[in-house]
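Asker: I have a structure here, written as structure tokens, and I will follow up with some questions on it.
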Amino acid sequence: MSVVEITDLSFSYEKQTVLENIDLKVEEKDFLAIIGPNGGGKSTLLKLILGIYTPKKGNITVLGKMPKHSLTQIGYVPQNTNVNTDFPIKVIEVVMMGHVEGKRPLFGYGKHEELCALGALEKVGMDDYAQTKIGSLSGGQRQRVMIARALCTHPQILILDEPTSSIDITGQKEIYELLKTLNEHITIIVVSHDISVILEYANKATHINKTLSYHDISDKKQTFHTHGKDEHFCEIELLQMLGAENCDTCEEEIPTWRQKP
Amino acid sequence: MMEALQFEFMQHAILAGILVSFAAGIIGSLIVVNRMVFLAGGIAHTSYGGIGLAVYFGLPIFLGASIFAVGAALLIAALTLKKRHRMDTFIGLIWAVGMAIGVIFVDLTPGYNVDLMSYLFGSILAVSSEDLYFMAGLLALILFIVTFWYRDILAISYDSEYAALRDVNVKFFYTLILVLSALTVVVAIKVVGLILVIAMLTIPVYIAEKLSNSLFSMMFISGSIATLFTLLGLWTSYTYNLTSGASIIIVSAVSLGIFLLFNKKVIL
């Protein structure tokens, strides 16, 4: 059974069609990268998978159920976690928000919820900061906390919306290394602008601009094919044009390339 | 000052100051972190409509103002939940219409000239025993709701989109915060008046925000700071024979200025 299965999906905001005839299958322990231009529908697709929006046409199942019924199985890290940094809140409290309603004590948080949150913080290497105010963390640290919040329910799928857009380069690398480790047990879907990520960490990539095209890049050599005619201009091909054909064999070269302004 | 304490009106004023300050500290924290300051201002002014209606129909002022303010809060909640980007327009509209209703009904009341100034700038020296019960009841209600639903209120205040994904009823708690704000505004009108109420809901909170690392401590610190300001303002007002509501606000504002001066690092 596929973890996420989307068939013939279309979605529009009022009259503007954002997504058209999307078909996508995500298998267990995939690391799927979603790329595409701004306004191309990437975030909308995530929100459909999360059940925030319902499709106008077509079908989505997550772990064989409607997205809304799989809430506890999906961990979500939203875009732009730098908002509201003045908010007086401790790291541990942010992580505990990840728990879904259900068994809860009459007041506040239960002991098991706190332990679970600490466990999640440990997984992302932030357990020393549990009592720190969230506003005093760096962008990269805050992003780790948000990942911990998403891990709180022990999800089978982790969905991230541009997790590194506001983080410095070393921080970005650390986040992706973390995702790689998590990927040993969890399916990961990530929206990203960062091309090198796709080559280094993802095993599948889709390009979304209203419609979807799909690449299996688990065997990276095969990815570098020439695309037909008037189809989309995909970042993977862009990289190819930049002369990075060998990037699956030369691991050292990618970080150097990435640091160029 | 000490001899003033034997007067019942002064004892009432101090009690009312403490009760209302704590309510304002707690609710003010929620208003500030949820970026609802303008909303609270709108509700404060709208509640003047309730005062006018209460005067006209001969109802207790608190009751009339509360019902009207809660109605306004529900209306604002419904409108802003639907069209968030038009929020400022709706608030401006409800603000003005509420006040207009109040003025008209006071006009229509035969042979009775209500002291408008006491509602605009507060009348903490005229707090009755019934007022005190109302204030104490409200503070108890606020304390109960905030403790019982702390995690939900925290979740929607910090990140409402994520809270929705975690099955928290965002609309319900958003409305609840607005309704509690409306009730708090009504009791604060007695202390500082409806024009100055916004300062009471924001100045102590702004200071507390810098000093706290959780929403709970922010509420507690704001409540304590607000109490301090209210009592200092009351003392200033009594000593120099000044309007009490305005004195409380000026004391708060000057204290905020001093705090910012000594806390440059925290702010920048």
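Chain labels A, B, ... are given in the sequence in which chains occur in the structure tokens; within each chain residues are numbered consecutively from 1, and ligands are likewise numbered from 1 in the order shown.
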With chain A as the partner and 9 Å as the cut-off, tabulate the residues of chain B that qualify, each row holding the nearest pair of atoms and their distance in Å to one decimal, using only C-alpha atoms, sorted by chain and rising number, as CSV.

Answerer:
```
residue,atom,partner,partner_atom,distance
B:Val33,CA,A:Phe87,CA,6.6
B:Thr147,CA,A:Phe107,CA,6.7
B:Phe148,CA,A:Phe107,CA,5.4
B:Trp149,CA,A:Phe107,CA,7.4
B:Tyr150,CA,A:Gly108,CA,6.4
B:Arg151,CA,A:Gly108,CA,6.0
B:Asp152,CA,A:Met97,CA,8.6
B:Leu154,CA,A:Met97,CA,8.6
B:Ala155,CA,A:Met97,CA,6.2
B:Ser157,CA,A:Phe87,CA,8.9
B:Tyr158,CA,A:Phe87,CA,7.0
B:Asp159,CA,A:Asn84,CA,8.4
B:Glu161,CA,A:Pro78,CA,8.9
B:Tyr162,CA,A:Pro78,CA,7.9
B:Ala163,CA,A:Met97,CA,7.5
B:Ala164,CA,A:Ile52,CA,8.7
B:Leu165,CA,A:Leu71,CA,7.3
B:Arg166,CA,A:Val100,CA,5.0
B:Asp167,CA,A:Glu101,CA,6.5
B:Val168,CA,A:Glu101,CA,7.4
B:Glu209,CA,A:Pro88,CA,6.5
B:Lys210,CA,A:Pro88,CA,8.2
B:Leu211,CA,A:Pro88,CA,8.9
B:Ser212,CA,A:Pro88,CA,6.2
B:Asn213,CA,A:Pro88,CA,4.6
B:Ser214,CA,A:Ile89,CA,4.3
B:Leu215,CA,A:Pro88,CA,5.6
B:Phe216,CA,A:Pro88,CA,8.9
B:Ser217,CA,A:Pro88,CA,8.6
B:Met218,CA,A:Pro88,CA,7.2
```

Asker: Quick one: residues within 7 Å of Thr187 of chain A, only C-alpha atoms, excluding same-chain residues fewer than 3 positions away - as a list in words?

Answerer: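 Listed by chain and then number, they are Glu28, Lys29, Asp30, Phe31, Gln156, Ile157, Leu158 and Asn183 of chain A.
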
Asker: Save the residues we just selected, C-alpha atoms, as a compact mmCIF listing (two decimals), in the first residue's frame?

Answerer:
```txt
# COMPACT_ATOMS: atom_id res chain seq x y z
CA GLU A 28 6.95 3.89 2.46
CA LYS A 29 10.31 5.45 3.44
CA ASP A 30 10.46 7.55 0.33
CA PHE A 31 12.19 10.90 0.52
CA GLN A 156 4.68 7.74 9.75
CA ILE A 157 4.93 10.65 7.35
CA LEU A 158 6.75 13.92 7.88
CA ASN A 183 14.07 8.91 6.85
```

Asker: Can you tell me how far atom CA of Ile189 of chain A sits from atom CA of Leu32 of chain A, in Å to one decimal?

Answerer: 4.8 Å

Asker: So that I can check the surroundings of Val185 of chain B, please list as an MDAnalysis selection string every protein, DNA and RNA residue that reaches within 8 Å of it, counting only C-alpha atoms and ignoring chain neighbours fewer than 6 positions away.

Answerer: chainID B and resid 24 40 43:44 194 197

Asker: Using only C-alpha atoms for the distances, tell me which of A:Ser10, A:Gln16, A:Thr61, A:Asn203 is nearest to Leu45 of chain A.

Answerer: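 Closest to Leu45 of chain A, using only C-alpha atoms: A:Ser10.
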
Asker: Just want the 9 Å neighbourhood of segment 116-121 of chain B, counted on only C-alpha atoms, with same-chain residues fewer than 2 positions away dropped. Output as a PDB file with N, CA and C atoms, in the first residue's frame.

Answerer:
```pdb
ATOM      1  N   TYR B  48     -20.194  51.449  24.765  1.00  0.00           N
ATOM      2  CA  TYR B  48     -20.912  52.669  25.146  1.00  0.00           C
ATOM      3  C   TYR B  48     -22.366  52.586  24.680  1.00  0.00           C
ATOM      4  N   ILE B  51     -24.178  51.068  27.406  1.00  0.00           N
ATOM      5  CA  ILE B  51     -24.410  52.000  28.516  1.00  0.00           C
ATOM      6  C   ILE B  51     -25.644  52.858  28.213  1.00  0.00           C
ATOM      7  N   ASN B 113     -29.718  63.127  32.827  1.00  0.00           N
ATOM      8  CA  ASN B 113     -28.501  63.503  32.134  1.00  0.00           C
ATOM      9  C   ASN B 113     -27.335  62.707  32.688  1.00  0.00           C
ATOM     10  N   VAL B 114     -26.998  61.648  31.963  1.00  0.00           N
ATOM     11  CA  VAL B 114     -25.956  60.769  32.459  1.00  0.00           C
ATOM     12  C   VAL B 114     -24.592  61.465  32.350  1.00  0.00           C
ATOM     13  N   SER B 123     -14.540  55.941  36.888  1.00  0.00           N
ATOM     14  CA  SER B 123     -15.002  56.513  38.153  1.00  0.00           C
ATOM     15  C   SER B 123     -14.722  55.501  39.240  1.00  0.00           C
ATOM     16  N   ILE B 189     -13.768  49.738  32.315  1.00  0.00           N
ATOM     17  CA  ILE B 189     -14.363  51.058  32.075  1.00  0.00           C
ATOM     18  C   ILE B 189     -14.617  51.766  33.412  1.00  0.00           C
ATOM     19  N   LYS B 190     -15.024  50.975  34.402  1.00  0.00           N
ATOM     20  CA  LYS B 190     -15.286  51.547  35.727  1.00  0.00           C
ATOM     21  C   LYS B 190     -14.003  52.157  36.316  1.00  0.00           C
ATOM     22  N   VAL B 191     -12.883  51.508  36.046  1.00  0.00           N
ATOM     23  CA  VAL B 191     -11.628  51.935  36.669  1.00  0.00           C
ATOM     24  C   VAL B 191     -10.949  53.060  35.886  1.00  0.00           C
ATOM     25  N   VAL B 192     -10.751  52.854  34.581  1.00  0.00           N
ATOM     26  CA  VAL B 192     -10.020  53.861  33.806  1.00  0.00           C
ATOM     27  C   VAL B 192     -10.849  54.522  32.706  1.00  0.00           C
ATOM     28  N   GLY B 193     -12.045  53.994  32.446  1.00  0.00           N
ATOM     29  CA  GLY B 193     -12.879  54.589  31.405  1.00  0.00           C
ATOM     30  C   GLY B 193     -12.626  53.965  30.055  1.00  0.00           C
ATOM     31  N   LEU B 194     -13.610  54.103  29.150  1.00  0.00           N
ATOM     32  CA  LEU B 194     -13.510  53.336  27.902  1.00  0.00           C
ATOM     33  C   LEU B 194     -12.470  53.882  26.931  1.00  0.00           C
ATOM     34  N   ILE B 195     -12.093  55.158  27.095  1.00  0.00           N
ATOM     35  CA  ILE B 195     -11.070  55.687  26.203  1.00  0.00           C
ATOM     36  C   ILE B 195      -9.682  55.194  26.607  1.00  0.00           C
ATOM     37  N   LEU B 196      -9.477  55.049  27.925  1.00  0.00           N
ATOM     38  CA  LEU B 196      -8.144  54.719  28.408  1.00  0.00           C
ATOM     39  C   LEU B 196      -7.932  53.216  28.600  1.00  0.00           C
ATOM     40  N   VAL B 197      -8.981  52.446  28.370  1.00  0.00           N
ATOM     41  CA  VAL B 197      -8.908  51.021  28.703  1.00  0.00           C
ATOM     42  C   VAL B 197      -7.805  50.300  27.925  1.00  0.00           C
ATOM     43  N   THR B 243      -7.930  63.443  38.083  1.00  0.00           N
ATOM     44  CA  THR B 243      -8.827  62.378  37.624  1.00  0.00           C
ATOM     45  C   THR B 243      -8.113  61.024  37.767  1.00  0.00           C
ATOM     46  N   SER B 244      -8.802  60.061  38.410  1.00  0.00           N
ATOM     47  CA  SER B 244      -8.123  58.808  38.746  1.00  0.00           C
ATOM     48  C   SER B 244      -7.708  58.008  37.507  1.00  0.00           C
ATOM     49  N   GLY B 245      -8.637  57.834  36.560  1.00  0.00           N
ATOM     50  CA  GLY B 245      -8.341  57.017  35.379  1.00  0.00           C
ATOM     51  C   GLY B 245      -7.126  57.553  34.633  1.00  0.00           C
ATOM     52  N   ALA B 246      -7.116  58.861  34.405  1.00  0.00           N
ATOM     53  CA  ALA B 246      -6.008  59.464  33.674  1.00  0.00           C
ATOM     54  C   ALA B 246      -4.704  59.331  34.466  1.00  0.00           C
TER      55      ALA B 246
END
```

Asker: Which residues in segment 174-203 of chain A does DSSP call helix (DSSP H, G or I)? List them as a list in words.

Answerer: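 Checking each residue of segment 174-203 of chain A, the helix (DSSP H, G or I) ones are Glu174, Ile175, Tyr176, Glu177, Leu178, Leu179, Lys180, Thr181, Leu182, Ile195, Ser196, Val197, Ile198, Leu199 and Glu200 of chain A.
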
Asker: I need the chosen residues saved as a PDB file, in the first residue's frame, with N, CA and C atoms.

Answerer:
```pdb
ATOM      1  N   GLU A 174      22.569  20.794   8.234  1.00  0.00           N
ATOM      2  CA  GLU A 174      22.243  20.030   9.439  1.00  0.00           C
ATOM      3  C   GLU A 174      20.798  19.537   9.412  1.00  0.00           C
ATOM      4  N   ILE A 175      19.906  20.412   8.968  1.00  0.00           N
ATOM      5  CA  ILE A 175      18.498  20.017   8.899  1.00  0.00           C
ATOM      6  C   ILE A 175      18.340  18.817   7.966  1.00  0.00           C
ATOM      7  N   TYR A 176      18.978  18.883   6.814  1.00  0.00           N
ATOM      8  CA  TYR A 176      18.814  17.776   5.868  1.00  0.00           C
ATOM      9  C   TYR A 176      19.480  16.495   6.349  1.00  0.00           C
ATOM     10  N   GLU A 177      20.601  16.645   7.063  1.00  0.00           N
ATOM     11  CA  GLU A 177      21.222  15.450   7.642  1.00  0.00           C
ATOM     12  C   GLU A 177      20.260  14.812   8.644  1.00  0.00           C
ATOM     13  N   LEU A 178      19.598  15.673   9.409  1.00  0.00           N
ATOM     14  CA  LEU A 178      18.616  15.185  10.384  1.00  0.00           C
ATOM     15  C   LEU A 178      17.480  14.456   9.673  1.00  0.00           C
ATOM     16  N   LEU A 179      16.991  15.049   8.590  1.00  0.00           N
ATOM     17  CA  LEU A 179      15.898  14.425   7.845  1.00  0.00           C
ATOM     18  C   LEU A 179      16.330  13.071   7.292  1.00  0.00           C
ATOM     19  N   LYS A 180      17.590  13.012   6.873  1.00  0.00           N
ATOM     20  CA  LYS A 180      18.115  11.763   6.327  1.00  0.00           C
ATOM     21  C   LYS A 180      18.073  10.663   7.393  1.00  0.00           C
ATOM     22  N   THR A 181      18.457  11.019   8.615  1.00  0.00           N
ATOM     23  CA  THR A 181      18.405  10.052   9.702  1.00  0.00           C
ATOM     24  C   THR A 181      16.962   9.636   9.978  1.00  0.00           C
ATOM     25  N   LEU A 182      16.078  10.624  10.047  1.00  0.00           N
ATOM     26  CA  LEU A 182      14.673  10.320  10.316  1.00  0.00           C
ATOM     27  C   LEU A 182      14.089   9.444   9.218  1.00  0.00           C
ATOM     28  N   ILE A 195      18.025  22.988  -4.880  1.00  0.00           N
ATOM     29  CA  ILE A 195      18.209  21.913  -5.854  1.00  0.00           C
ATOM     30  C   ILE A 195      19.154  20.837  -5.357  1.00  0.00           C
ATOM     31  N   SER A 196      20.216  21.257  -4.702  1.00  0.00           N
ATOM     32  CA  SER A 196      21.220  20.276  -4.298  1.00  0.00           C
ATOM     33  C   SER A 196      20.651  19.267  -3.318  1.00  0.00           C
ATOM     34  N   VAL A 197      19.662  19.698  -2.568  1.00  0.00           N
ATOM     35  CA  VAL A 197      19.014  18.810  -1.619  1.00  0.00           C
ATOM     36  C   VAL A 197      18.446  17.594  -2.318  1.00  0.00           C
ATOM     37  N   ILE A 198      17.788  17.880  -3.420  1.00  0.00           N
ATOM     38  CA  ILE A 198      17.112  16.830  -4.139  1.00  0.00           C
ATOM     39  C   ILE A 198      18.121  15.782  -4.590  1.00  0.00           C
ATOM     40  N   LEU A 199      19.269  16.276  -5.055  1.00  0.00           N
ATOM     41  CA  LEU A 199      20.274  15.341  -5.543  1.00  0.00           C
ATOM     42  C   LEU A 199      20.954  14.591  -4.415  1.00  0.00           C
ATOM     43  N   GLU A 200      21.096  15.252  -3.294  1.00  0.00           N
ATOM     44  CA  GLU A 200      21.865  14.627  -2.224  1.00  0.00           C
ATOM     45  C   GLU A 200      21.023  13.730  -1.343  1.00  0.00           C
TER      46      GLU A 200
END
```

Asker: Just how far from atom CA of Tyr133 of chain B is atom CA of Tyr238 of chain B, in Å to one decimal?

Answerer: 24.2 Å
